[in-house]
Structure formats: C-alpha cells, structure tokens
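J.: Next up is a structure, given as structure tokens.
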Amino acid sequence: MTKYIVRRLLGAIPVLFGLSIVLFAFIHLIPGDPATAILGQHATAQRIAEMREYLGLDDPLPVQYVDYLAGLLQGDFGRSFINNQPVLGEFLRRFPATVELTIAAMIFAVGVGIPLGRFAARYAQRWPDGAVTVLSLLGISIPVFVLGLTLQYIFAVQLKVLPASSRIDARLQLDLQTNFVLIDAWLHAGWTFDEKVDAFVDGVRHLVLPAIALGSIPLAIITRITRASVIEVANEDYVRTARAKGLTERRIDGRHIMRNAWLPVVTVIGLQVGGLLAGAVITETVFAWNGVGRWIVDAIGNRDYFVVQSTILIFALIFLMVNLIVDIAYAFLNPRIRYA
Amino acid sequence: MASGTVAVVRVAPRASRGLWGDAWRRLLRNRPALLGFVFIGVFVGTAVFAPLLAPHDPGALYPPPPDASSGATGPYPPRPEHLMGQDLQGRDEFTRVVYGARISLLVGLGSVIFGVIIGGFVGAIAGAAGGRADNVLMRVVDVLLAIPGILLAIGIVAWLDRGLPQITIAVAVTNAPIFARLLRGGLLAIRESDYVLAARSVGVPTRRLLLRHMLPNSLTPIIVAATLALATAIIDVAGLGFLGLGPPDPRTPEWGTMLTDSTKFLRAAPYLIFFPGLAIVISAVGFNLLGDGLRESLDPRLKK
C-alpha cells in the first residue's frame, strides 16, 4: 500500500510540472506584450518598462521559467497586480469560505442522493424510479447559475424564508477568524451562548440555497450511480442466497447489498470534488459569496493574471490530491483490490 | 434473464441491418431519446429559423408600454407585442432568446466538433502508436484534466480575450482530453482483438487497418460522449457569459450574458431570468436525453 501511495505521489510530479509550464505560458505568451495587456493601452512607457522589469520579461524565457518555478517551490505564487498582496496569503484567507460552501453542497448531495438512489432502486422500473430519473436528468441539465437564481427568486424574493446572498447577516458583525462562518460563530469573543447560536443558525440559513445550487449536479450523479450499483448488487447470487435462507429484508439490505454497493458510490463522490470547485466559481458569483471563486472572477475582470494563474494551479493541486485520496480510500474499502 | 431469451428468439428471424441500422431502430423505440429529439428539434429549429420566428430586431430598442410613467427605464413585463417582456434597454426579450439559440448552437456545436477533432487526433496517435508517443500525449491530457472543467475554459478566455471564437476554442480545449482518452482506450483494447490480428496476418496495411478496422469500431463511445458534451458545452458557454466572459459586443444575444445583465432585476423582472434560463435547460435536457438513448441503443449489452 505504501508503495502504491508513493508511486502515485511520484506520478503526480510530471503532471504538476506540465501544469506549471502551461500556466507559465499563460502569463508569458499573452498575445502582444504582457505588460501592456496587464496595464492597458493607455499606460505610460515608464509604467510598462517597470512592469516588464517586475515580470522579468527582459530575461530569456527559460530563465524566467526557472525563476517562476523556484518561486513556486518556496510557496511564492506571485503577487496581485491590484494590491500587491501575495496571492497565496489571500487564497488561504478566502479558501475556507469556498470549503465551507463545498462541504455543505457535498452533504446535501450525499445526504439526499444516496437515499434517493436506494429508493429508486427499490422501485426499479416503476413510477418512483421514473420520477427520480427525471429529477436527476434535470439536475445535470440545469446550470448552477439558473438554479441559483431560481432558488433566490422563490425562497428569498417571493417566500422570504431564506437570505438571497452573502455568508452572514452583516448586522451581526461577526469576527472572521478562521473564515468558516459556522466555526467563527462559536469563537466570537464577548457573545452570550444564545447570540452564538443565533449567529450559527444565520450562517446555516445563508448556506442552504448556495449549497443546493452547487450540489445539484453531484446530487444527480450520486443518485444515478447509487441506483445502478444497488440494482446490480441486488441481482447477485449471494443476495438471492441470503433471501432464500430467510434473512429479513432489512438485514439483506444493510449487510449484503449496501456493503457491496458502496464502492462505485464512494469513487464517484470523490470525483465530484473537482466539479464542485469549478462550480463554486459560478455559485459564489450568484450568491455574493466571498470565496476563492468570486476572487478569480474579479481577478479576470481586473486582468490580475497572477491571481488567475495561481488559483488555477492551486485548484489543480487540490484536485490531484483529492483524486489520490479517493483511489487510496477505494483500495481500503475493497480488499479485493490490491495495488502492487 | 428468461424474458431476455424470449426476446432474442423473436427478433432472430429478422435480418440484422448492421450496427447502425440496428442502433437506429433501437433508438426510435427509446421514448426518452425521442423526447430528446423533440427538444433538440425545437432548439435547432429556433436557431435556424430565428429571423422567421422572431417578431423584432434583436438589437433594436423599443418604446416602453404606453402606461409606463414617463422617463421610466426598462425592464418592462411581458405584453402581447413583447411576449417575454423587454430588457433594461427596452429590447425585445423574446427576439433575443430566439437569436440566442443561434449563438448557443453555433458555439456549442463548434466547440464539440473542434474538441472531437483535436481530442480524436491526439487519441488516435496515442492509441495507434503506443509506446513513447502515447506516454507523452497522455501526460499532456492528464495536465489538462487536472484543471477542473470550466476553470480551464475561464483561464483560456482570460488569456485569449473575450469573443465567440475564443469561447469556442476554450470549451473545445476543455472537452478534447475526454475524447482523446476515450479513443485511445478504445484503440488500445481493439489492438489486441482477434480480428485485428487476423487482418494484420493477411497483410492489411497499417493505414488501412487503422482507418477501416480499428477506428470505426472505437467510434461509438465517442458519439455518445460528443452528444452528452453538447449539453455541457451549451451550459459552459452560458456559464462563461454569466461570469462576464461572453461576447464583448453587448448587442450579441447570448443567453448567459443576458442572465448576468438581469440578475440585478431578479425582484422586478424575473421573466428576464426565467426565459433565457428555460432555453438553456431545454437545449441541455435534449442532448442529455439523446446521449443516454444513444448509449443504450449503441451498446445492446447495456439493455436493462
């Protein structure tokens, strides 16, 4: 197992290397002069010269790349052109907001998707199954932003039961320490227990709509996979044997079917993480959620290329790591698989 | 299983019409796929016949309804002359949704075709050549697949600047690695099969072997994936537009861009969100239904 993990980690290195080249090219091969592209057509010659100097554009390309790579290895992901802040620091400050949203979306997708898939499998080929199939078709066909705006309209504008945007009511003046709203609610100094509970509940209420919007695609996929997996396992000989020897349906379901049906479900859950990170970019824009996704969109608007480049690199890094963890979890869950 | 055997016996006397003929017959019996055809028909028909369907000019500004207070600006709610209302500038929303189908179809289809060509080319080389070329090409594919979906497209549009051709390229590059992997996998599996060995042993030249024997037999997963990719492409194109990376000319009626412009009027003018949103969903549902139907009909083993 250790050998497998090491091999997979080593295998990620060329991918990261290639990624760094692609993203390096992203800044340095901007059509036209990057410094002019960044500063705009109306920048003075002196500003452009300064920017060229700052970007090291007058060095030969390989030298520039090695400098860039050396910086990356030391955790230097460049600085924002807008406020000259290190990209990594701002990323880490904003990332918890994105993680909080992603986890909430995942809880929604898994919490609803697995029961829904099992339900559809139990009534396979009958109308409840059909209804679930239609629902999951809509789930993958409705763009996150259309669903998000629709939810906002129904629940915030019309019914007024949930807040439309942002992470917490600004009037609460919550101190963001960890930048996980649901944790910071408890850490806030000077609040009574009731005030902390109120802030926590407010944070949860703000999470509901974005989590549903972001979680809809994983929900549809998890439902489909769970349904297919349960149906497949339910037709196995050992399930028939279990039924023949008179076990209760409940026991057959828990012990014989679900334990074997888990595997593809776990894999697909892991594979959704990349999609969730990408979807967060749009969800955060819809719901004015101050995470990494919204930052990328703002950075593109401001032509803040280092921010765009570095956040994509960090997202890819996280994505690769998650995929690795999923593969390892898969090996743990399924003793039949042994990686040599 | 028993009922499956009965079905086989009943079908057996009919002469097979070959892979495509059989697949086509199965597809026509697949009701969800037919519904998909209907939705796609609506979408493509709207795009093709936009000038005939649209009552107005997509770029022109129209006067407010007579009862609007003087000096008021849009949006204005639906009324008989403007079925889906008017946007903030007073343009006819229905006309813009109709013309938006053109943009969506053009960019969506263009990006998938382009993606299949690049991906297919890379996958064919990797799968046919194997060895070092395969290794290098697949590492490139790994790099592209490491960047989550629309994020890659965002990066490319940010790099190439805004515009419909740029969006087409961005979405194509996002899709291409998937096609490359599929075709390579298919070719590698087929390479080991008996009929390829047979063809090779009777002296079929490599070129002919690849084009006539191996490629046609690895195309079915590509066709299914391309159909499903059309749904994703339409959504991704609208997503880029929604993020403000749509066509730079604000007169271009692009569904995602239309939604962005309307988010500030969610309370006052939900119709400006509803209709473009519905248009995107109908197109995406159509291609998803057809894609699932194709998957079932092209692979008879998958029959439920």
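As shown in the structure tokens, the chain order sets the letters A, B, ...; within each chain, residues go from 1, and ligands are also counted from 1 in the order they appear.
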Could you build a table of the residues in chain B lying no more than 9 Å from chain A, giving for each the nearest pair of atoms and their separation in Å rounded to one decimal place, using only C-alpha atoms, ordered by chain and ascending residue number, as a tab-separated table?
T.:
```
residue	atom	partner	partner_atom	distance
B:Arg139	CA	A:Val15	CA	6.5
B:Val140	CA	A:Gly18	CA	7.2
B:Asp142	CA	A:Val15	CA	6.5
B:Val143	CA	A:Val15	CA	5.2
B:Leu144	CA	A:Leu19	CA	7.8
B:Leu145	CA	A:Ala316	CA	8.8
B:Ala146	CA	A:Ala316	CA	5.3
B:Ile147	CA	A:Ala316	CA	4.9
B:Pro148	CA	A:Gly274	CA	5.2
B:Gly149	CA	A:Ala278	CA	6.4
B:Ile150	CA	A:Ala278	CA	6.0
B:Leu151	CA	A:Ala278	CA	5.7
B:Leu152	CA	A:Ile312	CA	7.8
B:Ile154	CA	A:Ile300	CA	8.5
B:Gly155	CA	A:Val308	CA	7.1
B:Ile156	CA	A:Phe26	CA	8.2
B:Ala158	CA	A:Ile300	CA	6.2
B:Trp159	CA	A:Ile30	CA	6.1
B:Leu160	CA	A:Pro31	CA	7.2
B:Ala231	CA	A:Ser141	CA	7.3
B:Thr232	CA	A:Ser141	CA	8.1
B:Ile235	CA	A:Pro143	CA	5.9
B:Asp236	CA	A:Pro143	CA	8.3
B:Ala238	CA	A:Pro143	CA	8.5
B:Gly239	CA	A:Ile282	CA	7.4
B:Phe242	CA	A:Phe145	CA	7.8
B:Leu243	CA	A:Val297	CA	6.8
B:Gly244	CA	A:Gly301	CA	8.0
B:Leu245	CA	A:Gly301	CA	8.7
B:Gly256	CA	A:Phe145	CA	8.9
B:Leu259	CA	A:Val146	CA	8.3
B:Thr263	CA	A:Leu149	CA	7.6
B:Leu266	CA	A:Tyr153	CA	6.6
B:Arg267	CA	A:Val157	CA	6.2
B:Pro270	CA	A:Tyr153	CA	7.5
B:Ile273	CA	A:Leu149	CA	7.6
B:Phe274	CA	A:Thr150	CA	7.8
B:Pro276	CA	A:Val146	CA	8.9
B:Gly277	CA	A:Val146	CA	5.6
B:Leu278	CA	A:Val146	CA	8.4
B:Ile280	CA	A:Ile142	CA	7.7
B:Val281	CA	A:Ile142	CA	5.4
B:Ile282	CA	A:Ser141	CA	8.2
B:Ser283	CA	A:Ser141	CA	8.5
B:Ala284	CA	A:Ser141	CA	5.2
B:Val285	CA	A:Ser141	CA	5.4
B:Gly286	CA	A:Ser141	CA	8.9
B:Asn288	CA	A:Ser141	CA	7.3
B:Leu289	CA	A:Leu137	CA	7.9
```
J.: Please produce a file of the residues just selected, as a CSV table (one decimal), in the first residue's frame, where the atoms kept are N, CA and C atoms.
T.:
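Once written, result17.csv looks like this:
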```csv
chain,number,residue,atom,x,y,z
B,139,ARG,N,0.3,12.3,-20.8
B,139,ARG,CA,0.7,13.2,-19.7
B,139,ARG,C,0.1,14.6,-20.0
B,140,VAL,N,0.1,15.0,-21.3
B,140,VAL,CA,-0.5,16.3,-21.6
B,140,VAL,C,-1.9,16.3,-21.3
B,142,ASP,N,-3.4,14.4,-19.1
B,142,ASP,CA,-3.5,14.4,-17.6
B,142,ASP,C,-3.4,15.8,-17.1
B,143,VAL,N,-2.5,16.6,-17.6
B,143,VAL,CA,-2.4,18.0,-17.2
B,143,VAL,C,-3.7,18.8,-17.4
B,144,LEU,N,-4.2,18.6,-18.6
B,144,LEU,CA,-5.5,19.4,-18.9
B,144,LEU,C,-6.6,18.9,-18.0
B,145,LEU,N,-6.7,17.6,-17.8
B,145,LEU,CA,-7.8,17.0,-16.9
B,145,LEU,C,-7.6,17.4,-15.5
B,146,ALA,N,-6.4,17.8,-15.1
B,146,ALA,CA,-6.2,18.2,-13.7
B,146,ALA,C,-6.8,19.5,-13.3
B,147,ILE,N,-7.2,20.3,-14.4
B,147,ILE,CA,-7.8,21.6,-14.1
B,147,ILE,C,-9.3,21.4,-14.2
B,148,PRO,N,-10.0,21.6,-13.1
B,148,PRO,CA,-11.5,21.3,-13.1
B,148,PRO,C,-12.2,22.1,-14.2
B,149,GLY,N,-12.9,21.4,-15.0
B,149,GLY,CA,-13.8,21.8,-16.1
B,149,GLY,C,-13.8,23.3,-16.5
B,150,ILE,N,-14.8,24.0,-16.0
B,150,ILE,CA,-15.0,25.4,-16.5
B,150,ILE,C,-13.8,26.3,-16.1
B,151,LEU,N,-13.1,25.9,-15.1
B,151,LEU,CA,-12.0,26.8,-14.7
B,151,LEU,C,-10.9,26.9,-15.8
B,152,LEU,N,-10.7,25.8,-16.5
B,152,LEU,CA,-9.8,25.8,-17.7
B,152,LEU,C,-10.3,26.7,-18.7
B,154,ILE,N,-12.3,29.2,-18.3
B,154,ILE,CA,-12.2,30.6,-17.8
B,154,ILE,C,-10.8,31.1,-18.1
B,155,GLY,N,-9.8,30.3,-17.7
B,155,GLY,CA,-8.4,30.6,-17.9
B,155,GLY,C,-8.1,30.9,-19.4
B,156,ILE,N,-8.6,30.1,-20.3
B,156,ILE,CA,-8.3,30.3,-21.7
B,156,ILE,C,-9.0,31.5,-22.2
B,158,ALA,N,-9.7,34.1,-20.5
B,158,ALA,CA,-9.0,35.3,-19.9
B,158,ALA,C,-7.7,35.5,-20.7
B,159,TRP,N,-7.1,34.4,-21.2
B,159,TRP,CA,-5.9,34.5,-21.9
B,159,TRP,C,-6.1,35.0,-23.3
B,160,LEU,N,-7.1,34.5,-24.0
B,160,LEU,CA,-7.3,34.8,-25.4
B,160,LEU,C,-8.1,36.1,-25.6
B,231,ALA,N,-24.5,19.0,-24.4
B,231,ALA,CA,-25.3,19.6,-23.3
B,231,ALA,C,-24.3,20.4,-22.4
B,232,THR,N,-23.2,19.8,-22.0
B,232,THR,CA,-22.2,20.5,-21.2
B,232,THR,C,-21.7,21.8,-21.9
B,235,ILE,N,-24.1,24.6,-21.6
B,235,ILE,CA,-24.1,25.1,-20.3
B,235,ILE,C,-22.8,25.9,-20.0
B,236,ASP,N,-21.7,25.4,-20.4
B,236,ASP,CA,-20.4,26.1,-20.2
B,236,ASP,C,-20.3,27.4,-20.9
B,238,ALA,N,-22.8,29.3,-21.7
B,238,ALA,CA,-23.7,30.2,-21.0
B,238,ALA,C,-23.0,30.6,-19.7
B,239,GLY,N,-22.3,29.7,-19.0
B,239,GLY,CA,-21.6,30.0,-17.8
B,239,GLY,C,-20.6,31.0,-18.0
B,242,PHE,N,-22.2,34.2,-18.3
B,242,PHE,CA,-22.8,34.6,-17.0
B,242,PHE,C,-21.6,35.3,-16.1
B,243,LEU,N,-20.4,34.7,-16.3
B,243,LEU,CA,-19.3,35.3,-15.5
B,243,LEU,C,-18.7,36.5,-16.1
B,244,GLY,N,-19.3,37.0,-17.2
B,244,GLY,CA,-18.9,38.2,-17.8
B,244,GLY,C,-17.8,38.0,-18.8
B,245,LEU,N,-17.7,36.7,-19.3
B,245,LEU,CA,-16.7,36.4,-20.3
B,245,LEU,C,-17.3,36.1,-21.6
B,256,GLY,N,-26.3,33.4,-21.5
B,256,GLY,CA,-25.6,33.6,-20.2
B,256,GLY,C,-25.4,35.0,-19.9
B,259,LEU,N,-28.5,36.7,-18.8
B,259,LEU,CA,-28.9,36.4,-17.4
B,259,LEU,C,-28.1,37.3,-16.5
B,263,THR,N,-29.5,39.9,-13.4
B,263,THR,CA,-29.5,39.5,-12.0
B,263,THR,C,-29.9,40.6,-11.1
B,266,LEU,N,-33.8,40.8,-10.4
B,266,LEU,CA,-34.5,39.5,-10.1
B,266,LEU,C,-35.8,39.7,-9.5
B,267,ARG,N,-35.9,40.8,-8.6
B,267,ARG,CA,-37.2,41.0,-7.9
B,267,ARG,C,-38.2,41.7,-8.9
B,270,PRO,N,-38.4,39.0,-13.0
B,270,PRO,CA,-38.0,37.6,-13.0
B,270,PRO,C,-38.1,37.0,-14.4
B,273,ILE,N,-35.0,36.4,-16.3
B,273,ILE,CA,-34.2,35.3,-15.8
B,273,ILE,C,-34.8,34.0,-16.4
B,274,PHE,N,-36.1,33.9,-16.2
B,274,PHE,CA,-36.9,32.7,-16.5
B,274,PHE,C,-36.7,32.2,-17.9
B,276,PRO,N,-34.5,33.0,-20.7
B,276,PRO,CA,-33.2,32.5,-21.1
B,276,PRO,C,-32.8,31.3,-20.4
B,277,GLY,N,-33.1,31.2,-19.1
B,277,GLY,CA,-32.8,30.0,-18.3
B,277,GLY,C,-33.5,28.8,-18.8
B,278,LEU,N,-34.8,28.9,-19.1
B,278,LEU,CA,-35.6,27.8,-19.6
B,278,LEU,C,-35.0,27.4,-21.0
B,280,ILE,N,-31.9,27.5,-22.0
B,280,ILE,CA,-30.7,26.7,-21.7
B,280,ILE,C,-31.0,25.3,-21.3
B,281,VAL,N,-32.0,25.2,-20.3
B,281,VAL,CA,-32.3,23.9,-19.8
B,281,VAL,C,-32.9,23.0,-20.9
B,282,ILE,N,-33.8,23.6,-21.7
B,282,ILE,CA,-34.4,22.7,-22.8
B,282,ILE,C,-33.4,22.2,-23.7
B,283,SER,N,-32.4,23.0,-24.1
B,283,SER,CA,-31.4,22.5,-25.0
B,283,SER,C,-30.5,21.4,-24.3
B,284,ALA,N,-30.2,21.7,-23.1
B,284,ALA,CA,-29.3,20.7,-22.4
B,284,ALA,C,-30.0,19.4,-22.1
B,285,VAL,N,-31.3,19.5,-21.7
B,285,VAL,CA,-32.1,18.3,-21.5
B,285,VAL,C,-32.1,17.5,-22.8
B,286,GLY,N,-32.4,18.1,-23.9
B,286,GLY,CA,-32.5,17.5,-25.2
B,286,GLY,C,-31.2,16.6,-25.5
B,288,ASN,N,-28.9,15.7,-23.4
B,288,ASN,CA,-28.7,14.6,-22.4
B,288,ASN,C,-29.6,13.4,-22.6
B,289,LEU,N,-30.8,13.7,-23.0
B,289,LEU,CA,-31.7,12.5,-23.2
B,289,LEU,C,-31.2,11.7,-24.4
```
J.: Any idea what's packed within 9 Å of Ser80 (chain A), counting only C-alpha atoms, ignoring anything in its chain fewer than 3 positions away? Could you give it as a ChimeraX atom specification?
T.: /A:83-87,299,304-307
J.: Output N, CA and C atoms for every residue in the selection just made, as a compact mmCIF listing (two decimals), in the first residue's frame.
T.:
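The resulting result13.txt:
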```
# COMPACT_ATOMS: atom_id res chain seq x y z
N ASN A 83 -3.32 44.96 -5.61
CA ASN A 83 -2.96 45.48 -4.29
C ASN A 83 -1.59 45.00 -3.82
N ASN A 84 -0.88 44.30 -4.73
CA ASN A 84 0.47 43.85 -4.43
C ASN A 84 0.55 42.86 -3.27
N GLN A 85 -0.59 42.28 -2.89
CA GLN A 85 -0.59 41.28 -1.81
C GLN A 85 -0.15 39.93 -2.39
N PRO A 86 0.58 39.12 -1.58
CA PRO A 86 0.93 37.79 -2.06
C PRO A 86 -0.34 36.98 -2.35
N VAL A 87 -0.32 36.26 -3.48
CA VAL A 87 -1.51 35.52 -3.89
C VAL A 87 -1.85 34.42 -2.88
N ALA A 299 -10.66 38.83 -10.44
CA ALA A 299 -9.30 38.96 -10.94
C ALA A 299 -9.28 39.00 -12.47
N ASP A 304 -5.96 40.64 -13.49
CA ASP A 304 -4.96 40.35 -12.48
C ASP A 304 -4.45 38.92 -12.72
N TYR A 305 -3.56 38.79 -13.72
CA TYR A 305 -3.24 37.47 -14.24
C TYR A 305 -2.58 36.52 -13.25
N PHE A 306 -1.74 37.06 -12.35
CA PHE A 306 -1.08 36.17 -11.40
C PHE A 306 -2.09 35.47 -10.51
N VAL A 307 -3.13 36.21 -10.14
CA VAL A 307 -4.16 35.63 -9.29
C VAL A 307 -4.87 34.49 -10.03
```
J.: Tell me which protein, DNA and RNA residues are within 9 Å of Ala128 (chain B), counting only C-alpha atoms, leaving out same-chain ones fewer than 5 positions away, and put them as a list in words.
T.: Gly123, Asp134, Arg184, Leu187, Leu188, Arg191 and Leu210 of chain B
J.: Would you list the contacts of Ile168 (chain A) as a PyMOL selection string, taking every protein, DNA or RNA residue within 12 Å and counting only C-alpha atoms, but skipping same-chain residues closer than 5 positions in sequence?
T.: chain A and resi 97+162-163+173-176+179-182+184-185+198-208+287-290
J.: Can you check which residues of region 43-242 of chain B DSSP gives as strand (DSSP E or B) on the backbone and send them as a PyMOL selection string?
T.: chain B and resi 76+79+82+86+92
